[in-house]
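One file, final-v3.cif, is given below (mmCIF, C-alpha atoms).
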data_input
#
loop_
_atom_site.group_PDB
_atom_site.id
_atom_site.type_symbol
_atom_site.label_atom_id
_atom_site.label_comp_id
_atom_site.auth_asym_id
_atom_site.auth_seq_id
_atom_site.Cartn_x
_atom_site.Cartn_y
_atom_site.Cartn_z
ATOM 1 C CA MET N 4 18.363 70.493 -88.940
ATOM 2 C CA THR N 5 18.937 72.681 -91.995
ATOM 3 C CA LEU N 6 21.387 75.537 -91.642
ATOM 4 C CA ALA N 7 20.838 78.725 -93.611
ATOM 5 C CA ARG N 8 23.518 79.404 -96.182
ATOM 6 C CA PRO N 9 25.596 82.541 -95.470
ATOM 7 C CA GLY N 10 24.645 84.010 -98.833
ATOM 8 C CA SER N 11 20.918 83.539 -98.256
ATOM 9 C CA THR N 12 21.215 85.004 -94.747
ATOM 10 C CA ARG N 13 22.920 88.126 -96.098
ATOM 11 C CA ILE N 14 20.236 88.531 -98.732
ATOM 12 C CA ALA N 15 17.472 88.126 -96.132
ATOM 13 C CA VAL N 16 19.067 90.772 -93.911
ATOM 14 C CA ARG N 17 19.462 93.124 -96.853
ATOM 15 C CA ARG N 18 15.838 92.632 -97.905
ATOM 16 C CA TRP N 19 14.484 93.474 -94.465
ATOM 17 C CA ALA N 20 16.825 96.437 -94.097
ATOM 18 C CA GLN N 21 15.792 97.784 -97.508
ATOM 19 C CA LEU N 22 12.115 97.297 -96.780
ATOM 20 C CA LEU N 23 12.154 99.159 -93.457
ATOM 21 C CA LEU N 24 14.529 101.898 -94.626
ATOM 22 C CA GLY N 25 12.533 102.387 -97.810
ATOM 23 C CA LEU N 26 9.225 102.766 -95.965
ATOM 24 C CA PHE N 27 10.788 105.199 -93.480
ATOM 25 C CA LEU N 28 12.314 107.324 -96.248
ATOM 26 C CA PHE N 29 9.036 107.205 -98.173
ATOM 27 C CA GLY N 30 7.212 108.814 -95.260
ATOM 28 C CA VAL N 31 9.916 111.476 -94.925
ATOM 29 C CA ALA N 32 9.853 112.156 -98.676
ATOM 30 C CA VAL N 33 6.097 112.705 -98.762
ATOM 31 C CA SER N 34 6.432 115.020 -95.753
ATOM 32 C CA LEU N 35 9.024 117.114 -97.593
ATOM 33 C CA MET N 36 6.706 117.487 -100.567
ATOM 34 C CA ILE N 37 3.777 118.424 -98.330
ATOM 35 C CA ARG N 38 5.811 121.181 -96.681
ATOM 36 C CA ALA N 39 6.885 122.478 -100.116
ATOM 37 C CA GLU N 40 3.251 123.486 -100.732
ATOM 38 C CA ILE N 41 3.502 123.464 -104.520
ATOM 39 C CA GLY N 42 1.418 120.371 -105.246
ATOM 40 C CA LEU N 43 1.298 116.691 -104.350
ATOM 41 C CA ASP N 44 0.675 113.314 -105.901
ATOM 42 C CA PRO N 45 -3.025 112.381 -106.273
ATOM 43 C CA TRP N 46 -3.281 110.070 -103.260
ATOM 44 C CA THR N 47 -1.576 112.557 -100.939
ATOM 45 C CA VAL N 48 -3.847 115.325 -102.236
ATOM 46 C CA PHE N 49 -6.765 113.059 -101.303
ATOM 47 C CA ALA N 50 -5.304 112.311 -97.859
ATOM 48 C CA GLN N 51 -4.576 115.993 -97.209
ATOM 49 C CA GLY N 52 -8.103 116.946 -98.230
ATOM 50 C CA LEU N 53 -9.542 114.383 -95.817
ATOM 51 C CA GLU N 54 -7.229 115.651 -93.083
ATOM 52 C CA ARG N 55 -8.474 119.217 -93.555
ATOM 53 C CA GLN N 56 -12.121 118.173 -93.533
ATOM 54 C CA THR N 57 -11.966 115.753 -90.600
ATOM 55 C CA GLY N 58 -9.215 117.113 -88.370
ATOM 56 C CA ILE N 59 -7.603 113.664 -88.251
ATOM 57 C CA SER N 60 -3.826 113.733 -88.716
ATOM 58 C CA ILE N 61 -2.691 113.015 -92.241
ATOM 59 C CA GLY N 62 -0.648 110.037 -91.028
ATOM 60 C CA VAL N 63 -3.751 108.366 -89.617
ATOM 61 C CA VAL N 64 -5.663 109.200 -92.797
ATOM 62 C CA VAL N 65 -2.909 107.565 -94.863
ATOM 63 C CA VAL N 66 -3.142 104.400 -92.755
ATOM 64 C CA LEU N 67 -6.933 104.291 -93.052
ATOM 65 C CA LEU N 68 -6.802 104.874 -96.820
ATOM 66 C CA GLY N 69 -4.206 102.144 -97.240
ATOM 67 C CA ALA N 70 -6.299 99.710 -95.215
ATOM 68 C CA GLY N 71 -9.383 100.589 -97.258
ATOM 69 C CA VAL N 72 -7.542 100.016 -100.523
ATOM 70 C CA LEU N 73 -6.219 96.720 -99.194
ATOM 71 C CA LEU N 74 -9.781 95.541 -98.586
ATOM 72 C CA LEU N 75 -10.424 96.045 -102.295
ATOM 73 C CA TRP N 76 -7.806 93.367 -102.964
ATOM 74 C CA ILE N 77 -10.231 90.716 -101.680
ATOM 75 C CA PRO N 78 -12.600 90.652 -104.689
ATOM 76 C CA LEU N 79 -9.546 90.962 -106.947
ATOM 77 C CA ARG N 80 -8.144 87.763 -105.384
ATOM 78 C CA GLN N 81 -4.866 89.460 -104.578
ATOM 79 C CA ARG N 82 -2.632 88.312 -101.716
ATOM 80 C CA PRO N 83 -0.602 90.989 -99.931
ATOM 81 C CA GLY N 84 3.008 90.455 -98.979
ATOM 82 C CA ILE N 85 4.459 91.520 -95.649
ATOM 83 C CA GLY N 86 5.816 94.605 -97.416
ATOM 84 C CA THR N 87 2.276 95.550 -98.448
ATOM 85 C CA VAL N 88 1.026 95.345 -94.865
ATOM 86 C CA LEU N 89 3.985 97.278 -93.463
ATOM 87 C CA ASN N 90 3.481 99.904 -96.167
ATOM 88 C CA VAL N 91 -0.023 100.495 -94.814
ATOM 89 C CA LEU N 92 1.080 100.547 -91.178
ATOM 90 C CA LEU N 93 4.353 102.486 -91.220
ATOM 91 C CA ILE N 94 4.348 105.291 -93.785
ATOM 92 C CA GLY N 95 1.568 107.292 -92.124
ATOM 93 C CA PRO N 96 3.130 107.325 -88.628
ATOM 94 C CA VAL N 97 6.491 108.340 -90.118
ATOM 95 C CA MET N 98 4.746 111.265 -91.806
ATOM 96 C CA ASP N 99 3.189 112.381 -88.517
ATOM 97 C CA LEU N 100 6.632 112.259 -86.889
ATOM 98 C CA ALA N 101 8.440 114.049 -89.725
ATOM 99 C CA LEU N 102 6.026 116.853 -90.562
ATOM 100 C CA PRO N 103 6.524 118.860 -87.334
ATOM 101 C CA LEU N 104 10.284 118.816 -87.952
ATOM 102 C CA ILE N 105 10.098 120.306 -91.462
ATOM 103 C CA ALA N 106 9.484 123.996 -92.077
ATOM 104 C CA THR N 107 8.103 125.501 -95.280
ATOM 105 C CA PRO N 108 10.639 127.874 -96.894
ATOM 106 C CA GLU N 109 9.326 131.343 -97.684
ATOM 107 C CA PRO N 110 10.848 131.877 -101.164
ATOM 108 C CA LEU N 111 9.400 129.916 -104.048
ATOM 109 C CA TRP N 112 12.826 128.639 -105.085
ATOM 110 C CA GLY N 113 13.275 127.170 -101.603
ATOM 111 C CA ARG N 114 9.960 125.341 -101.827
ATOM 112 C CA ILE N 115 10.845 124.056 -105.290
ATOM 113 C CA LEU N 116 14.149 122.702 -103.955
ATOM 114 C CA LEU N 117 12.343 121.100 -101.020
ATOM 115 C CA PHE N 118 9.873 119.433 -103.371
ATOM 116 C CA ALA N 119 12.661 118.274 -105.690
ATOM 117 C CA GLY N 120 14.526 116.768 -102.747
ATOM 118 C CA GLY N 121 11.373 114.993 -101.627
ATOM 119 C CA LEU N 122 10.729 113.644 -105.120
ATOM 120 C CA LEU N 123 14.289 112.350 -105.420
ATOM 121 C CA LEU N 124 14.099 110.751 -101.980
ATOM 122 C CA LEU N 125 10.735 109.208 -102.849
ATOM 123 C CA SER N 126 12.135 107.551 -105.971
ATOM 124 C CA ILE N 127 15.017 106.089 -103.959
ATOM 125 C CA ALA N 128 12.665 104.963 -101.184
ATOM 126 C CA THR N 129 10.385 103.297 -103.727
ATOM 127 C CA GLY N 130 13.325 101.486 -105.301
ATOM 128 C CA LEU N 131 14.456 100.321 -101.862
ATOM 129 C CA TYR N 132 11.205 98.861 -100.646
ATOM 130 C CA ILE N 133 9.955 97.438 -103.953
ATOM 131 C CA GLY N 134 13.462 96.130 -104.637
ATOM 132 C CA ALA N 135 13.276 94.202 -101.365
ATOM 133 C CA ARG N 136 10.624 92.007 -103.065
ATOM 134 C CA PHE N 137 8.226 91.735 -100.128
ATOM 135 C CA GLY N 138 5.164 92.780 -102.130
ATOM 136 C CA PRO N 139 3.798 95.936 -103.818
ATOM 137 C CA GLY N 140 2.181 98.913 -102.167
ATOM 138 C CA PRO N 141 -1.591 98.638 -101.674
ATOM 139 C CA ARG N 142 -2.456 101.085 -104.465
ATOM 140 C CA ASP N 143 -0.138 99.487 -107.010
ATOM 141 C CA GLY N 144 -1.496 96.060 -106.113
ATOM 142 C CA LEU N 145 -4.988 97.403 -106.763
ATOM 143 C CA MET N 146 -3.957 98.396 -110.298
ATOM 144 C CA THR N 147 -2.201 95.139 -111.130
ATOM 145 C CA GLY N 148 -4.983 93.141 -109.463
ATOM 146 C CA ALA N 149 -7.622 94.785 -111.640
ATOM 147 C CA HIS N 150 -5.477 94.001 -114.672
ATOM 148 C CA ALA N 151 -5.096 90.341 -113.678
ATOM 149 C CA ARG N 152 -8.772 89.904 -112.719
ATOM 150 C CA PHE N 153 -10.528 91.777 -115.522
ATOM 151 C CA GLY N 154 -7.858 92.268 -118.181
ATOM 152 C CA TRP N 155 -8.015 96.061 -117.910
ATOM 153 C CA ALA N 156 -4.867 97.894 -118.930
ATOM 154 C CA VAL N 157 -2.896 98.962 -115.859
ATOM 155 C CA TRP N 158 -2.408 102.489 -117.182
ATOM 156 C CA LYS N 159 -6.131 102.920 -117.748
ATOM 157 C CA VAL N 160 -6.983 101.736 -114.235
ATOM 158 C CA ARG N 161 -4.270 103.909 -112.716
ATOM 159 C CA THR N 162 -5.317 106.975 -114.686
ATOM 160 C CA GLY N 163 -8.987 106.566 -113.824
ATOM 161 C CA VAL N 164 -8.372 105.997 -110.127
ATOM 162 C CA GLU N 165 -5.774 108.732 -109.720
ATOM 163 C CA VAL N 166 -7.777 111.354 -111.630
ATOM 164 C CA THR N 167 -10.748 110.535 -109.402
ATOM 165 C CA VAL N 168 -8.892 110.750 -106.077
ATOM 166 C CA LEU N 169 -7.067 113.883 -107.259
ATOM 167 C CA ALA N 170 -10.339 115.631 -108.115
ATOM 168 C CA ILE N 171 -11.960 114.633 -104.828
ATOM 169 C CA GLY N 172 -8.867 115.638 -102.862
ATOM 170 C CA TRP N 173 -8.734 119.014 -104.569
ATOM 171 C CA LEU N 174 -12.412 119.645 -103.808
ATOM 172 C CA LEU N 175 -11.724 118.746 -100.160
ATOM 173 C CA GLY N 176 -8.886 121.281 -99.969
ATOM 174 C CA GLY N 177 -5.807 119.256 -100.874
ATOM 175 C CA THR N 178 -2.850 121.029 -102.467
ATOM 176 C CA VAL N 179 -2.750 120.811 -106.266
ATOM 177 C CA GLY N 180 -0.139 122.740 -108.230
ATOM 178 C CA PHE N 181 2.757 122.436 -110.625
ATOM 179 C CA GLY N 182 4.334 119.967 -108.211
ATOM 180 C CA THR N 183 1.432 117.629 -109.019
ATOM 181 C CA VAL N 184 2.311 117.809 -112.694
ATOM 182 C CA ALA N 185 6.031 117.377 -111.978
ATOM 183 C CA PHE N 186 5.281 114.289 -109.912
ATOM 184 C CA ALA N 187 3.155 112.745 -112.662
ATOM 185 C CA LEU N 188 5.833 113.336 -115.314
ATOM 186 C CA LEU N 189 8.964 112.456 -113.350
ATOM 187 C CA ILE N 190 8.240 109.766 -110.776
ATOM 188 C CA GLY N 191 7.977 106.920 -113.298
ATOM 189 C CA PRO N 192 11.325 107.568 -115.019
ATOM 190 C CA MET N 193 13.049 108.249 -111.683
ATOM 191 C CA VAL N 194 11.851 105.001 -110.137
ATOM 192 C CA GLY N 195 12.764 103.278 -113.394
ATOM 193 C CA VAL N 196 16.359 104.347 -112.806
ATOM 194 C CA ALA N 197 16.398 103.540 -109.074
ATOM 195 C CA LEU N 198 14.651 100.182 -109.004
ATOM 196 C CA PRO N 199 17.046 98.072 -111.113
ATOM 197 C CA ARG N 200 19.970 99.342 -109.030
ATOM 198 C CA LEU N 201 18.283 98.587 -105.707
ATOM 199 C CA ARG N 202 16.577 95.282 -106.502
ATOM 200 C CA VAL N 203 17.840 92.573 -104.171
ATOM 201 C CA PRO N 204 19.042 89.523 -106.139
ATOM 202 C CA GLU N 205 17.521 86.152 -105.417
ATOM 203 C CA ALA N 206 19.525 83.616 -103.462
ATOM 204 C CA VAL N 207 20.418 80.620 -105.599
ATOM 205 C CA ASP N 208 20.276 77.134 -104.154
ATOM 206 C CA PRO N 209 22.890 74.479 -105.017
ATOM 207 C CA ALA N 210 20.618 73.058 -107.704
ATOM 208 C CA GLY N 211 20.534 76.450 -109.399
ATOM 209 C CA ALA N 212 16.918 77.325 -108.580
ATOM 210 C CA GLY N 213 16.370 80.867 -107.438
ATOM 211 C CA THR N 214 15.020 81.211 -103.913
ATOM 212 C CA ALA N 215 14.419 84.296 -101.867
ATOM 213 C CA PRO N 216 14.058 83.945 -98.087
ATOM 214 C CA GLY N 217 10.669 85.246 -97.055
ATOM 215 C CA ALA N 218 9.484 85.835 -100.614
ATOM 216 C CA THR N 219 5.784 85.684 -101.362
ATOM 217 C CA ASP N 220 3.682 85.276 -104.467
ATOM 218 C CA ALA N 221 2.725 88.917 -104.063
ATOM 219 C CA ASP N 222 6.259 90.118 -104.824
ATOM 220 C CA THR N 223 6.273 92.304 -107.917
ATOM 221 C CA ASP N 224 8.245 94.860 -109.834
ATOM 222 C CA GLU N 225 5.180 96.245 -111.580
ATOM 223 C CA ALA N 226 4.717 99.324 -109.407
ATOM 224 C CA PRO N 227 6.180 102.528 -110.802
ATOM 225 C CA THR N 228 5.534 104.576 -107.663
ATOM 226 C CA GLY N 229 5.387 102.169 -104.785
ATOM 227 C CA GLY N 230 2.472 103.863 -103.181
#
Any chance you could put this one into structure tokens?
Amino acid sequence: MTLARPGSTRIAVRRWAQLLLGLFLFGVAVSLMIRAEIGLDPWTVFAQGLERQTGISIGVVVVLLGAGVLLLWIPLRQRPGIGTVLNVLLIGPVMDLALPLIATPEPLWGRILLFAGGLLLLSIATGLYIGARFGPGPRDGLMTGAHARFGWAVWKVRTGVEVTVLAIGWLLGGTVGFGTVAFALLIGPMVGVALPRLRVPEAVDPAGAGTAPGATDADTDEAPTGG
């Protein structure tokens, strides 16, 4: 019988705690930005547009979109981690729980502060759950998978996909505004600051080889947004 080393047990507990906390905070952060009503990231614009056209709650739409994107991993020969699956399953329900609890401020400055708080929280949440090393979000895995499979530059794939979903979401009634521009300009640098500070270190075995309890081949630090 092999006993887990105390250090590896602590790291495993921290990874799971970071993963679940990060996904919860991610859902809250997106909800804050939705209630700010000054613009959203492309995928949330798309989800909001679908919500307004179908009457399905945005949380359910987010789950369905995530599952649809995950199916696209199959031809790209990508393997999701447990973090990828939980990303799809948990963020949407958290949004449906959080949105009724958040009111939209009347003054513009209040909505700007609400959006800024959501953006800051989102960057921390992304650092938490990506730093747990249980796999990327479904959308980020789509970008890196296309790069690995076809050699396309990640930024070109991301730009093409996000411009497309943003345009469709806007046509469906999703909220596009200066918050959309702020998100595009700021989220990368903000996550770039948060992620190195929140990345869980690998456990090291006695022989010096790095091991991470529960790690998968899908673990990655490539995703700048975690969505």
**Message:** Can you tell me which residues surround Leu102 of chain N at a distance of at most 9 Å, considering all atoms listed in the file, apart from same-chain residues fewer than 3 positions away, and format the answer as a PyMOL selection string?
**Reply:** chain N and resi 31+34-35+37-38+97-99+105-106
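Going from atom CA of Leu169 of chain N to atom CA of Ala149 of chain N covers 19.6 Å.
Here atom CA of Trp19 of chain N is placed at a distance of 18.4 Å from atom CA of Pro141 of chain N.
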Arg152 of chain N environment, 9 Å, all atoms listed in the file, sequence neighbours closer than 5 positions dropped, as a CSV table (one decimal) with C-alpha atoms, in the coordinates of the input:
chain,number,residue,atom,x,y,z
N,78,PRO,CA,-12.6,90.7,-104.7
N,79,LEU,CA,-9.5,91.0,-106.9
N,80,ARG,CA,-8.1,87.8,-105.4
N,147,THR,CA,-2.2,95.1,-111.1
**Request:** Step by step, work through what the PyMOL selection byres ((chain N and resi 133) around 12) selects in the shown file, and finish by giving those residues as an NGL selection string.
**Result:** :N and (18-19 or 21-26 or 29 or 84-87 or 90 or 125-132 or 134-141 or 143-144 or 194-195 or 197-203 or 221-230)
Selection above as a file: C-alpha atoms, as a compact mmCIF listing (two decimals), keeping the file's coordinate frame:
# COMPACT_ATOMS: atom_id res chain seq x y z
CA ARG N 18 15.84 92.63 -97.90
CA TRP N 19 14.48 93.47 -94.46
CA GLN N 21 15.79 97.78 -97.51
CA LEU N 22 12.12 97.30 -96.78
CA LEU N 23 12.15 99.16 -93.46
CA LEU N 24 14.53 101.90 -94.63
CA GLY N 25 12.53 102.39 -97.81
CA LEU N 26 9.22 102.77 -95.96
CA PHE N 29 9.04 107.20 -98.17
CA GLY N 84 3.01 90.46 -98.98
CA ILE N 85 4.46 91.52 -95.65
CA GLY N 86 5.82 94.60 -97.42
CA THR N 87 2.28 95.55 -98.45
CA ASN N 90 3.48 99.90 -96.17
CA LEU N 125 10.74 109.21 -102.85
CA SER N 126 12.14 107.55 -105.97
CA ILE N 127 15.02 106.09 -103.96
CA ALA N 128 12.66 104.96 -101.18
CA THR N 129 10.38 103.30 -103.73
CA GLY N 130 13.32 101.49 -105.30
CA LEU N 131 14.46 100.32 -101.86
CA TYR N 132 11.20 98.86 -100.65
CA GLY N 134 13.46 96.13 -104.64
CA ALA N 135 13.28 94.20 -101.36
CA ARG N 136 10.62 92.01 -103.06
CA PHE N 137 8.23 91.74 -100.13
CA GLY N 138 5.16 92.78 -102.13
CA PRO N 139 3.80 95.94 -103.82
CA GLY N 140 2.18 98.91 -102.17
CA PRO N 141 -1.59 98.64 -101.67
CA ASP N 143 -0.14 99.49 -107.01
CA GLY N 144 -1.50 96.06 -106.11
CA VAL N 194 11.85 105.00 -110.14
CA GLY N 195 12.76 103.28 -113.39
CA ALA N 197 16.40 103.54 -109.07
CA LEU N 198 14.65 100.18 -109.00
CA PRO N 199 17.05 98.07 -111.11
CA ARG N 200 19.97 99.34 -109.03
CA LEU N 201 18.28 98.59 -105.71
CA ARG N 202 16.58 95.28 -106.50
CA VAL N 203 17.84 92.57 -104.17
CA ALA N 221 2.72 88.92 -104.06
CA ASP N 222 6.26 90.12 -104.82
CA THR N 223 6.27 92.30 -107.92
CA ASP N 224 8.24 94.86 -109.83
CA GLU N 225 5.18 96.24 -111.58
CA ALA N 226 4.72 99.32 -109.41
CA PRO N 227 6.18 102.53 -110.80
CA THR N 228 5.53 104.58 -107.66
CA GLY N 229 5.39 102.17 -104.78
CA GLY N 230 2.47 103.86 -103.18
**Message:** I'd like the interatomic distance between atom CA of Thr167 of chain N and atom CA of Leu123 of chain N, to a tenth of an Å.
**Reply:**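 Interatomic distance, atom CA of Thr167 of chain N to atom CA of Leu123 of chain N: 25.4 Å.
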Produce a table with one row for each residue of segment 8-55 of chain N that has an atom at most 9 Å from any atom of segment 64-67 of chain N, each row naming the nearest atom pair and its distance in Å at one decimal; use all atoms listed in the file; arrange rows by chain and rising residue number; format as JSON lines.
{"residue": "N:Trp46", "atom": "CA", "partner": "N:Val65", "partner_atom": "CA", "distance": 8.8}
{"residue": "N:Thr47", "atom": "CA", "partner": "N:Val65", "partner_atom": "CA", "distance": 8.0}
{"residue": "N:Ala50", "atom": "CA", "partner": "N:Val64", "partner_atom": "CA", "distance": 6.0}
{"residue": "N:Gln51", "atom": "CA", "partner": "N:Val64", "partner_atom": "CA", "distance": 8.2}
{"residue": "N:Leu53", "atom": "CA", "partner": "N:Val64", "partner_atom": "CA", "distance": 7.1}
{"residue": "N:Glu54", "atom": "CA", "partner": "N:Val64", "partner_atom": "CA", "distance": 6.6}
